[in-house]
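J.: Next comes the structure file start-v8.cif, holding mmCIF, C-alpha atoms.
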data_target
loop_
_atom_site.label_atom_id
_atom_site.label_comp_id
_atom_site.auth_asym_id
_atom_site.auth_seq_id
_atom_site.Cartn_x
_atom_site.Cartn_y
_atom_site.Cartn_z
CA MET A 329 108.97 -103.58 -228.23
CA LYS A 330 112.33 -102.78 -226.65
CA THR A 331 112.48 -101.54 -223.07
CA LEU A 332 115.05 -99.38 -221.28
CA LEU A 333 115.32 -100.56 -217.69
CA VAL A 334 116.20 -97.78 -215.27
CA ALA A 335 117.36 -97.99 -211.65
CA LEU A 336 117.87 -94.49 -210.28
CA CYS A 337 119.00 -94.69 -206.67
CA VAL A 338 116.68 -97.65 -206.10
CA THR A 339 118.15 -100.24 -203.76
CA THR A 340 116.73 -103.68 -203.19
CA GLY A 341 118.34 -106.25 -200.91
CA LEU A 342 118.87 -109.80 -202.04
CA LEU A 343 118.94 -110.89 -198.42
CA ALA A 344 115.96 -110.56 -196.10
CA THR A 345 117.96 -108.54 -193.56
CA PRO A 346 117.57 -104.97 -192.27
CA ALA A 347 119.48 -102.29 -194.15
CA LEU A 348 122.60 -101.17 -192.32
CA ALA A 349 123.33 -97.50 -191.67
CA GLN A 350 125.80 -96.00 -194.12
CA PRO A 351 128.79 -93.92 -193.02
CA ALA A 352 128.22 -90.17 -193.31
CA GLU A 353 131.41 -89.67 -195.33
CA PRO A 354 132.54 -92.96 -196.84
CA ARG A 355 136.17 -93.27 -197.80
CA PRO A 356 136.78 -92.50 -201.48
CA ILE A 357 137.35 -95.55 -203.62
CA ARG A 358 140.45 -96.02 -205.75
CA SER A 359 139.99 -94.48 -209.16
CA PHE A 360 141.49 -95.52 -212.48
CA GLU A 361 141.81 -93.98 -215.91
CA VAL A 362 139.09 -94.89 -218.42
CA GLU A 363 141.46 -97.14 -220.38
CA THR A 364 142.38 -99.02 -217.21
CA VAL A 365 138.72 -99.43 -216.24
CA GLU A 366 138.00 -100.90 -219.68
CA ALA A 367 140.99 -103.24 -219.47
CA LEU A 368 140.06 -104.41 -215.97
CA GLY A 369 136.44 -105.13 -216.94
CA ARG A 370 137.60 -107.00 -220.04
CA ALA A 371 140.10 -109.08 -218.05
CA MET A 372 137.51 -109.80 -215.33
CA TYR A 373 135.06 -111.10 -217.92
CA ARG A 374 137.69 -113.27 -219.58
CA ARG A 375 138.81 -114.80 -216.27
CA ASP A 376 135.20 -115.36 -215.25
CA GLN A 377 134.53 -117.24 -218.49
CA PHE A 378 137.48 -119.56 -217.84
CA ALA A 379 136.32 -120.15 -214.27
CA TRP A 380 132.73 -120.81 -215.37
CA HIS A 381 133.58 -123.23 -218.17
CA GLY A 382 136.33 -124.83 -216.10
CA THR A 383 133.95 -125.51 -213.23
CA ASP A 384 131.37 -126.98 -215.61
CA ALA A 385 134.02 -129.24 -217.17
CA LEU A 386 135.23 -130.38 -213.76
CA ARG A 387 131.73 -131.23 -212.53
CA GLN A 388 131.04 -133.21 -215.69
CA ALA A 389 134.25 -135.21 -215.29
CA VAL A 390 134.35 -135.72 -211.53
CA SER A 391 131.59 -136.77 -209.13
CA GLU A 392 130.41 -134.55 -206.29
CA GLU A 393 131.76 -137.08 -203.79
CA GLN A 394 135.24 -136.78 -205.30
CA LEU A 395 135.07 -133.00 -205.07
CA ALA A 396 134.53 -133.02 -201.30
CA GLY A 397 136.96 -130.64 -199.65
CA MET A 398 137.32 -128.26 -202.60
CA ILE A 399 137.78 -124.70 -201.35
CA GLY A 400 137.93 -122.65 -204.56
CA TRP A 401 139.98 -121.87 -207.65
CA ILE A 402 142.24 -119.39 -209.34
CA VAL A 403 142.85 -118.77 -213.06
CA VAL A 404 146.46 -118.54 -214.23
CA GLU A 405 148.26 -118.32 -217.56
CA ARG A 406 150.51 -121.21 -218.53
CA ASP A 407 152.31 -122.17 -221.77
CA GLY A 408 150.27 -119.79 -223.89
CA GLY A 409 146.96 -121.00 -222.46
CA HIS A 410 144.99 -120.73 -219.25
CA VAL A 411 144.55 -123.13 -216.35
CA VAL A 412 141.82 -123.09 -213.72
CA ARG A 413 143.56 -124.46 -210.64
CA PHE A 414 141.26 -125.92 -207.98
CA GLY A 415 142.42 -126.23 -204.39
CA ARG A 416 141.38 -128.20 -201.33
CA GLY A 417 142.13 -128.06 -197.64
CA SER A 418 142.64 -124.68 -195.97
CA PRO A 419 142.55 -121.32 -197.77
CA ALA A 420 145.63 -120.36 -195.74
CA ALA A 421 147.53 -123.43 -196.98
CA PRO A 422 145.67 -124.86 -200.00
CA GLU A 423 146.70 -128.08 -201.70
CA PRO A 424 146.42 -128.68 -205.48
CA PHE A 425 143.30 -130.68 -206.34
CA TYR A 426 142.36 -130.54 -210.04
CA ASP A 427 143.51 -128.51 -213.02
CA VAL A 428 141.34 -127.64 -216.03
CA VAL A 429 143.55 -126.71 -218.96
CA PHE A 430 142.43 -124.43 -221.83
CA ARG A 431 144.48 -124.22 -225.03
CA GLY A 432 143.16 -122.31 -228.00
CA ASP A 433 139.79 -123.54 -229.23
CA ASP A 434 140.32 -127.08 -227.90
CA ALA A 435 137.89 -128.49 -225.36
CA PRO A 436 139.08 -128.02 -221.76
CA VAL A 437 141.07 -130.93 -220.32
CA VAL A 438 140.49 -132.00 -216.71
CA VAL A 439 143.46 -133.57 -214.90
CA GLU A 440 144.39 -134.32 -211.31
CA ALA A 441 146.77 -131.59 -210.22
CA THR A 442 150.35 -132.78 -209.78
CA GLN A 443 152.18 -129.46 -209.97
CA PRO A 444 152.45 -127.75 -206.56
CA PHE A 445 151.11 -124.27 -206.15
CA SER A 446 153.75 -121.62 -206.73
CA GLU A 447 154.29 -118.85 -204.18
CA THR A 448 152.34 -116.52 -206.47
CA GLU A 449 149.43 -118.97 -206.68
CA LEU A 450 149.40 -119.42 -202.90
CA ALA A 451 149.29 -115.64 -202.53
CA MET A 452 146.30 -115.53 -204.90
CA PHE A 453 144.39 -118.08 -202.79
CA ARG A 454 145.20 -116.12 -199.62
CA ALA A 455 144.15 -112.83 -201.22
CA VAL A 456 140.77 -114.28 -202.26
CA ALA A 457 140.21 -115.67 -198.75
CA MET A 458 141.05 -112.28 -197.22
CA ALA A 459 138.64 -110.53 -199.57
CA ARG A 460 135.83 -112.98 -198.89
CA ALA A 461 136.17 -112.30 -195.17
CA GLY A 462 136.21 -108.56 -195.90
CA VAL A 463 132.62 -108.39 -197.21
CA THR A 464 131.11 -106.61 -194.23
CA GLN A 465 127.71 -105.63 -195.65
CA PRO A 466 126.67 -108.45 -198.00
CA CYS A 467 123.92 -107.98 -200.54
CA SER A 468 123.62 -111.68 -201.25
CA ASP A 469 124.36 -115.03 -199.66
CA ARG A 470 126.27 -115.86 -202.84
CA TYR A 471 129.49 -114.06 -203.84
CA ASN A 472 131.82 -114.94 -206.71
CA SER A 473 135.48 -113.97 -206.66
CA LEU A 474 137.80 -112.60 -209.34
CA ILE A 475 141.48 -111.79 -208.93
CA LEU A 476 143.91 -109.90 -211.15
CA ALA A 477 147.33 -108.32 -210.74
CA ASP A 478 147.04 -104.71 -209.57
CA PRO A 479 147.76 -102.50 -212.62
CA ASP A 480 149.27 -99.80 -210.40
CA GLY A 481 151.41 -101.93 -208.10
CA ASP A 482 152.82 -105.36 -207.35
CA GLY A 483 149.85 -106.61 -205.33
CA TRP A 484 146.41 -107.90 -206.26
CA LEU A 485 142.94 -106.64 -206.99
CA VAL A 486 140.22 -108.99 -205.78
CA TRP A 487 136.55 -108.50 -206.58
CA MET A 488 133.76 -110.08 -204.61
CA MET A 489 130.76 -109.98 -206.92
CA ALA A 490 127.27 -110.28 -205.44
CA ALA A 491 125.45 -112.95 -207.41
CA THR A 492 122.02 -114.51 -207.76
CA THR A 493 120.62 -117.71 -209.23
CA ARG A 494 117.46 -115.91 -210.41
CA GLN A 495 117.07 -115.79 -214.15
CA ASN A 496 116.83 -112.45 -215.97
CA VAL A 497 118.15 -110.55 -212.94
CA VAL A 498 121.22 -108.32 -213.18
CA VAL A 499 123.00 -107.57 -209.91
CA THR A 500 124.52 -104.11 -210.33
CA GLY A 501 125.14 -103.24 -206.67
CA GLY A 502 126.72 -104.94 -203.69
CA HIS A 503 130.10 -105.60 -205.32
CA TYR A 504 133.43 -105.06 -203.56
CA ARG A 505 136.98 -104.43 -204.77
CA PHE A 506 139.94 -105.15 -202.48
CA SER A 507 143.53 -104.01 -202.95
CA VAL A 508 145.64 -106.77 -201.39
CA SER A 509 149.37 -107.00 -200.63
CA PRO A 510 151.63 -109.11 -202.89
CA ASP A 511 151.76 -111.96 -200.36
CA GLY A 512 147.96 -112.03 -200.12
CA ARG A 513 148.00 -111.50 -196.36
CA THR A 514 146.91 -107.85 -195.99
CA ILE A 515 143.97 -105.87 -197.33
CA GLU A 516 145.41 -102.46 -198.12
CA GLN A 517 142.12 -100.89 -199.21
CA ALA A 518 138.53 -102.11 -199.30
CA ASP A 519 136.22 -100.38 -201.79
CA ARG A 520 132.47 -100.81 -201.79
CA LEU A 521 131.56 -100.16 -205.40
CA SER A 522 128.00 -99.10 -204.62
CA ARG A 523 126.13 -97.59 -201.70
CA GLY A 524 123.36 -100.16 -201.73
CA CYS A 525 122.10 -103.51 -202.95
CA VAL A 526 120.83 -102.87 -206.46
CA THR A 527 119.26 -105.38 -208.84
CA LEU A 528 117.47 -105.00 -212.15
CA ASP A 529 114.79 -107.40 -213.32
CA MET A 530 115.10 -107.64 -217.09
CA GLN A 531 111.46 -108.78 -217.32
CA ALA A 532 110.12 -105.78 -215.42
CA GLY A 533 109.26 -104.00 -218.65
CA GLY A 534 106.66 -106.60 -219.63
CA ASP A 535 106.91 -108.69 -222.76
CA GLY A 536 109.27 -106.35 -224.58
CA GLN A 537 112.95 -106.94 -225.25
CA THR A 538 115.34 -105.05 -222.95
CA ALA A 539 117.46 -102.67 -225.05
CA ALA A 540 119.74 -101.22 -222.36
CA LEU A 541 120.18 -100.77 -218.61
CA MET A 542 120.47 -97.37 -216.93
CA MET A 543 121.36 -96.47 -213.36
CA THR A 544 123.18 -93.97 -211.17
CA GLN A 545 126.57 -94.41 -209.51
CA VAL A 546 127.57 -92.30 -206.52
CA VAL A 547 131.01 -93.65 -205.63
CA SER A 548 133.02 -92.14 -208.49
CA ASP A 549 132.82 -89.67 -211.39
CA VAL A 550 133.99 -92.46 -213.71
CA PRO A 551 131.99 -95.71 -213.89
CA VAL A 552 133.69 -98.60 -212.14
CA GLU A 553 134.95 -101.68 -213.94
CA THR A 554 132.11 -103.93 -212.77
CA PHE A 555 129.83 -102.19 -215.29
CA VAL A 556 132.16 -103.15 -218.14
CA PHE A 557 132.16 -106.71 -216.82
CA LEU A 558 128.36 -106.78 -216.62
CA ALA A 559 127.93 -105.21 -220.06
CA LEU A 560 130.06 -108.00 -221.53
CA GLN A 561 128.38 -110.68 -219.44
CA HIS A 562 124.81 -109.71 -220.34
CA GLY A 563 125.44 -108.39 -223.86
CA LEU A 564 123.58 -105.14 -223.18
CA PRO A 565 124.65 -101.47 -223.14
CA PHE A 566 124.79 -99.75 -219.74
CA TYR A 567 124.10 -96.05 -219.22
CA VAL A 568 125.62 -94.82 -215.95
CA VAL A 569 124.93 -91.38 -214.47
CA THR A 570 127.77 -90.21 -212.23
CA PRO A 571 127.79 -87.61 -209.41
CA ASN A 572 129.06 -84.84 -211.73
CA ARG A 573 125.85 -85.31 -213.78
CA GLN A 574 127.59 -86.88 -216.72
CA THR A 575 126.14 -89.91 -218.45
CA TRP A 576 128.44 -92.67 -219.65
CA GLU A 577 127.62 -95.25 -222.27
CA ILE A 578 129.22 -98.68 -221.81
CA GLU A 579 128.87 -101.09 -224.68
CA GLY A 580 130.95 -104.21 -224.42
CA ASP A 581 134.38 -103.11 -223.25
CA ASP A 582 134.04 -99.61 -224.70
CA MET A 583 133.22 -96.81 -222.26
CA ARG A 584 132.56 -93.23 -223.41
CA LEU A 585 130.66 -90.11 -222.45
CA PHE A 586 127.15 -90.15 -223.88
CA GLN A 587 126.30 -87.12 -225.98
#
Would you mind giving the structure from this file in structure tokens?
T.:
Amino acid sequence: MKTLLVALCVTTGLLATPALAQPAEPRPIRSFEVETVEALGRAMYRRDQFAWHGTDALRQAVSEEQLAGMIGWIVVERDGGHVVRFGRGSPAAPEPFYDVVFRGDDAPVVVEATQPFSETELAMFRAVAMARAGVTQPCSDRYNSLILADPDGDGWLVWMMAATTRQNVVVTGGHYRFSVSPDGRTIEQADRLSRGCVTLDMQAGGDGQTAALMMTQVVSDVPVETFVFLALQHGLPFYVVTPNRQTWEIEGDDMRLFQ
């Protein structure tokens, strides 16, 4: 039996901390056209896959002792492929550590980084560090970062995604999006993409197979890009009810009004 899991304005914290009071009139978040939302969610998922598989490859090739001092990573395009660049030292002045190179369908190649970080790559590391410090009301003690070029400017979009190590749990709330200056030194806008800490337990429906996930969103009349990312990540359709009482169906990277 297939089950539709529904979270309608239900918030559950991943951290055992008191809920913080919400502002009476929160600042509106940046909005994007539907096509841009789809493209952002698709690009987020693709970058996350490179980061995930790159980290796994690095940890298989290099001991934990050798990875001491690692501070994070960025994903960049190079020579028709992608490279996960790992840094060490200070987020304000990171040093190249290891590179994991992806080309086509070949297995990722782990190498010690010899190429210095470019100014753009240094800006990406700074932007991620700024965003991480900008999570003021965390919904988890574990946040993953994603960074892309801002589609409407010359700066960056950085997402801090609330995460969990619990199996069969989908974290749909608690995510942040930051608009950061081109040099990575200034947060120009901080957007909380939900008004609470929301999770869905995919086993809550009993022994049946989960067919789709449904929830409300109050921050925008168009679903935000994190739903596209999650739909791709979990391989399930999302149904999102927005403040104007419309219902959106998100299946993979396709987002449309549900009739």
J.: In Å, with one decimal, what is the gap from atom CA of A:Val428 to atom CA of A:Thr383?
T.: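 Those two atoms sit 8.2 Å apart.
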J.: Using all atoms listed in the file, pick whichever of A:Pro479, A:Gln561, A:Phe430, A:Pro466 has the shortest atom-to-atom distance to A:Glu363.
T.: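 Result for the nearest residue to A:Glu363: A:Pro479.
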J.: With all atoms listed in the file as the basis for distance, which of A:Gly382, A:Pro510, A:Pro422, A:Gly502 is at the shortest distance from A:Val403?
T.: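 Closest to A:Val403, using all atoms listed in the file: A:Gly382.
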J.: Give me the stretch 518-574 of chain A side of the contact with stretch 373-380 of chain A, cut-off 9 Å, one line per residue showing its nearest atom pair and distance in Å at one decimal, counting all atoms listed in the file, sorted by chain and residue number, as JSON lines.
T.:
{"residue": "A:Val556", "atom": "CA", "partner": "A:Tyr373", "partner_atom": "CA", "distance": 8.5}
{"residue": "A:Phe557", "atom": "CA", "partner": "A:Tyr373", "partner_atom": "CA", "distance": 5.4}
{"residue": "A:Leu558", "atom": "CA", "partner": "A:Tyr373", "partner_atom": "CA", "distance": 8.1}
{"residue": "A:Leu560", "atom": "CA", "partner": "A:Tyr373", "partner_atom": "CA", "distance": 6.9}
{"residue": "A:Gln561", "atom": "CA", "partner": "A:Tyr373", "partner_atom": "CA", "distance": 6.9}
J.: Please indicate the distance in Å from atom CA of A:Val568 to atom CA of A:Gln545, rounded to one decimal place.
T.: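 Interatomic distance here is 6.5 Å.
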J.: Can you pull out every residue within 9 Å of A:Gly400, counting all atoms listed in the file, but drop anything in the same chain fewer than 2 positions away, and send it as a list in words?
T.: Met398, Ile402, Arg413, Phe414, Gly415, Arg416, Pro419 and Phe453 of chain A
J.: Would you mind exporting the chosen residues as a short mmCIF file (atom, residue, chain, number, x, y, z; two decimals), keeping the file's coordinate frame, restricted to C-alpha atoms?
T.:
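Listed below is the output, out.cif:
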data_model
loop_
_atom_site.label_atom_id
_atom_site.label_comp_id
_atom_site.auth_asym_id
_atom_site.auth_seq_id
_atom_site.Cartn_x
_atom_site.Cartn_y
_atom_site.Cartn_z
CA MET A 398 137.32 -128.26 -202.60
CA ILE A 402 142.24 -119.39 -209.34
CA ARG A 413 143.56 -124.46 -210.64
CA PHE A 414 141.26 -125.92 -207.98
CA GLY A 415 142.42 -126.23 -204.39
CA ARG A 416 141.38 -128.20 -201.33
CA PRO A 419 142.55 -121.32 -197.77
CA PHE A 453 144.39 -118.08 -202.79
#
J.: Using 4 Å of padding on each side, determine the axis-aligned box around all atoms of stretch 471-478 of chain A present in the file and give its centre and edge lengths in Å to one decimal, as JSON.
T.:
{"center_x": 138.4, "center_y": -109.8, "center_z": -207.5, "size_x": 25.8, "size_y": 18.2, "size_z": 15.3}
J.: On this structure, the PyMOL selection byres ((chain A and resi 486) around 7) would catch which residues? List them as a ChimeraX atom specification, sorted by chain and number.
T.: /A:456,459,473-476,484-485,487-488,505-507
J.: Since we have the selection now, will you write its residues out, keeping C-alpha atoms, as a PDB file, in the frame of the given file?
T.:
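File produced: part.pdb:
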ATOM      1  CA  VAL A 456     140.770-114.280-202.260  1.00  0.00           C
ATOM      2  CA  ALA A 459     138.640-110.530-199.570  1.00  0.00           C
ATOM      3  CA  SER A 473     135.480-113.970-206.660  1.00  0.00           C
ATOM      4  CA  LEU A 474     137.800-112.600-209.340  1.00  0.00           C
ATOM      5  CA  ILE A 475     141.480-111.790-208.930  1.00  0.00           C
ATOM      6  CA  LEU A 476     143.910-109.900-211.150  1.00  0.00           C
ATOM      7  CA  TRP A 484     146.410-107.900-206.260  1.00  0.00           C
ATOM      8  CA  LEU A 485     142.940-106.640-206.990  1.00  0.00           C
ATOM      9  CA  TRP A 487     136.550-108.500-206.580  1.00  0.00           C
ATOM     10  CA  MET A 488     133.760-110.080-204.610  1.00  0.00           C
ATOM     11  CA  ARG A 505     136.980-104.430-204.770  1.00  0.00           C
ATOM     12  CA  PHE A 506     139.940-105.150-202.480  1.00  0.00           C
ATOM     13  CA  SER A 507     143.530-104.010-202.950  1.00  0.00           C
TER      14      SER A 507
END
J.: For atom CA of A:Asp480 and atom CA of A:Ser359, quote the distance in Å rounded to one decimal.
T.: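 These two atoms are separated by 10.8 Å.
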J.: Can you find the residues with an atom no farther than 10 Å from (150.1, -118.3, -209.4), counting all atoms listed in the file, and report them as a ChimeraX atom specification?
T.: /A:402-406,413,445-453
J.: For A:Ser468, which residue among A:Gly481, A:Pro444, A:Gly524, A:Gly417 is the nearest when counting only C-alpha atoms?
T.: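 Ranking A:Gly481, A:Pro444, A:Gly524, A:Gly417 by distance to A:Ser468, first place goes to A:Gly524.
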J.: Run the PyMOL selection byres ((chain A and resi 496) around 12) on the file and write out the hits as a PDB file with C-alpha atoms, in the frame of the given file.
T.:
ATOM      1  CA  THR A 492     122.020-114.510-207.760  1.00  0.00           C
ATOM      2  CA  THR A 493     120.620-117.710-209.230  1.00  0.00           C
ATOM      3  CA  ARG A 494     117.460-115.910-210.410  1.00  0.00           C
ATOM      4  CA  GLN A 495     117.070-115.790-214.150  1.00  0.00           C
ATOM      5  CA  VAL A 497     118.150-110.550-212.940  1.00  0.00           C
ATOM      6  CA  VAL A 498     121.220-108.320-213.180  1.00  0.00           C
ATOM      7  CA  VAL A 499     123.000-107.570-209.910  1.00  0.00           C
ATOM      8  CA  THR A 527     119.260-105.380-208.840  1.00  0.00           C
ATOM      9  CA  LEU A 528     117.470-105.000-212.150  1.00  0.00           C
ATOM     10  CA  ASP A 529     114.790-107.400-213.320  1.00  0.00           C
ATOM     11  CA  MET A 530     115.100-107.640-217.090  1.00  0.00           C
ATOM     12  CA  GLN A 531     111.460-108.780-217.320  1.00  0.00           C
ATOM     13  CA  ALA A 532     110.120-105.780-215.420  1.00  0.00           C
ATOM     14  CA  GLY A 533     109.260-104.000-218.650  1.00  0.00           C
ATOM     15  CA  GLN A 537     112.950-106.940-225.250  1.00  0.00           C
ATOM     16  CA  THR A 538     115.340-105.050-222.950  1.00  0.00           C
ATOM     17  CA  HIS A 562     124.810-109.710-220.340  1.00  0.00           C
TER      18      HIS A 562
END
J.: Do a neighbour search on A:Thr464 at 12 Å with all atoms listed in the file, toss out local chain neighbours closer than 5 positions, and write the hits as a ChimeraX atom specification.
T.: /A:348,350,458-459,488,502-504,518-520
J.: Please produce a file of those selected residues containing C-alpha atoms, as a PDB file, in the frame of the given file.
T.:
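So the final result, stored in part_34.pdb, reads:
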ATOM      1  CA  LEU A 348     122.600-101.170-192.320  1.00  0.00           C
ATOM      2  CA  GLN A 350     125.800 -96.000-194.120  1.00  0.00           C
ATOM      3  CA  MET A 458     141.050-112.280-197.220  1.00  0.00           C
ATOM      4  CA  ALA A 459     138.640-110.530-199.570  1.00  0.00           C
ATOM      5  CA  MET A 488     133.760-110.080-204.610  1.00  0.00           C
ATOM      6  CA  GLY A 502     126.720-104.940-203.690  1.00  0.00           C
ATOM      7  CA  HIS A 503     130.100-105.600-205.320  1.00  0.00           C
ATOM      8  CA  TYR A 504     133.430-105.060-203.560  1.00  0.00           C
ATOM      9  CA  ALA A 518     138.530-102.110-199.300  1.00  0.00           C
ATOM     10  CA  ASP A 519     136.220-100.380-201.790  1.00  0.00           C
ATOM     11  CA  ARG A 520     132.470-100.810-201.790  1.00  0.00           C
TER      12      ARG A 520
END
J.: Here is a test: counting all atoms listed in the file, which residue of A:Val463, A:Met489, A:Val439, A:Ala477 is nearest to A:Thr554?
T.: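 Going through A:Val463, A:Met489, A:Val439, A:Ala477 one by one, the smallest distance to A:Thr554 is for A:Met489.
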J.: Name all residues at most 9 Å from A:Leu386 (count all atoms listed in the file; drop same-chain ones fewer than 2 positions away) and give them as a PyMOL selection string.
T.: chain A and resi 381-384+388-391+426-428+437-439
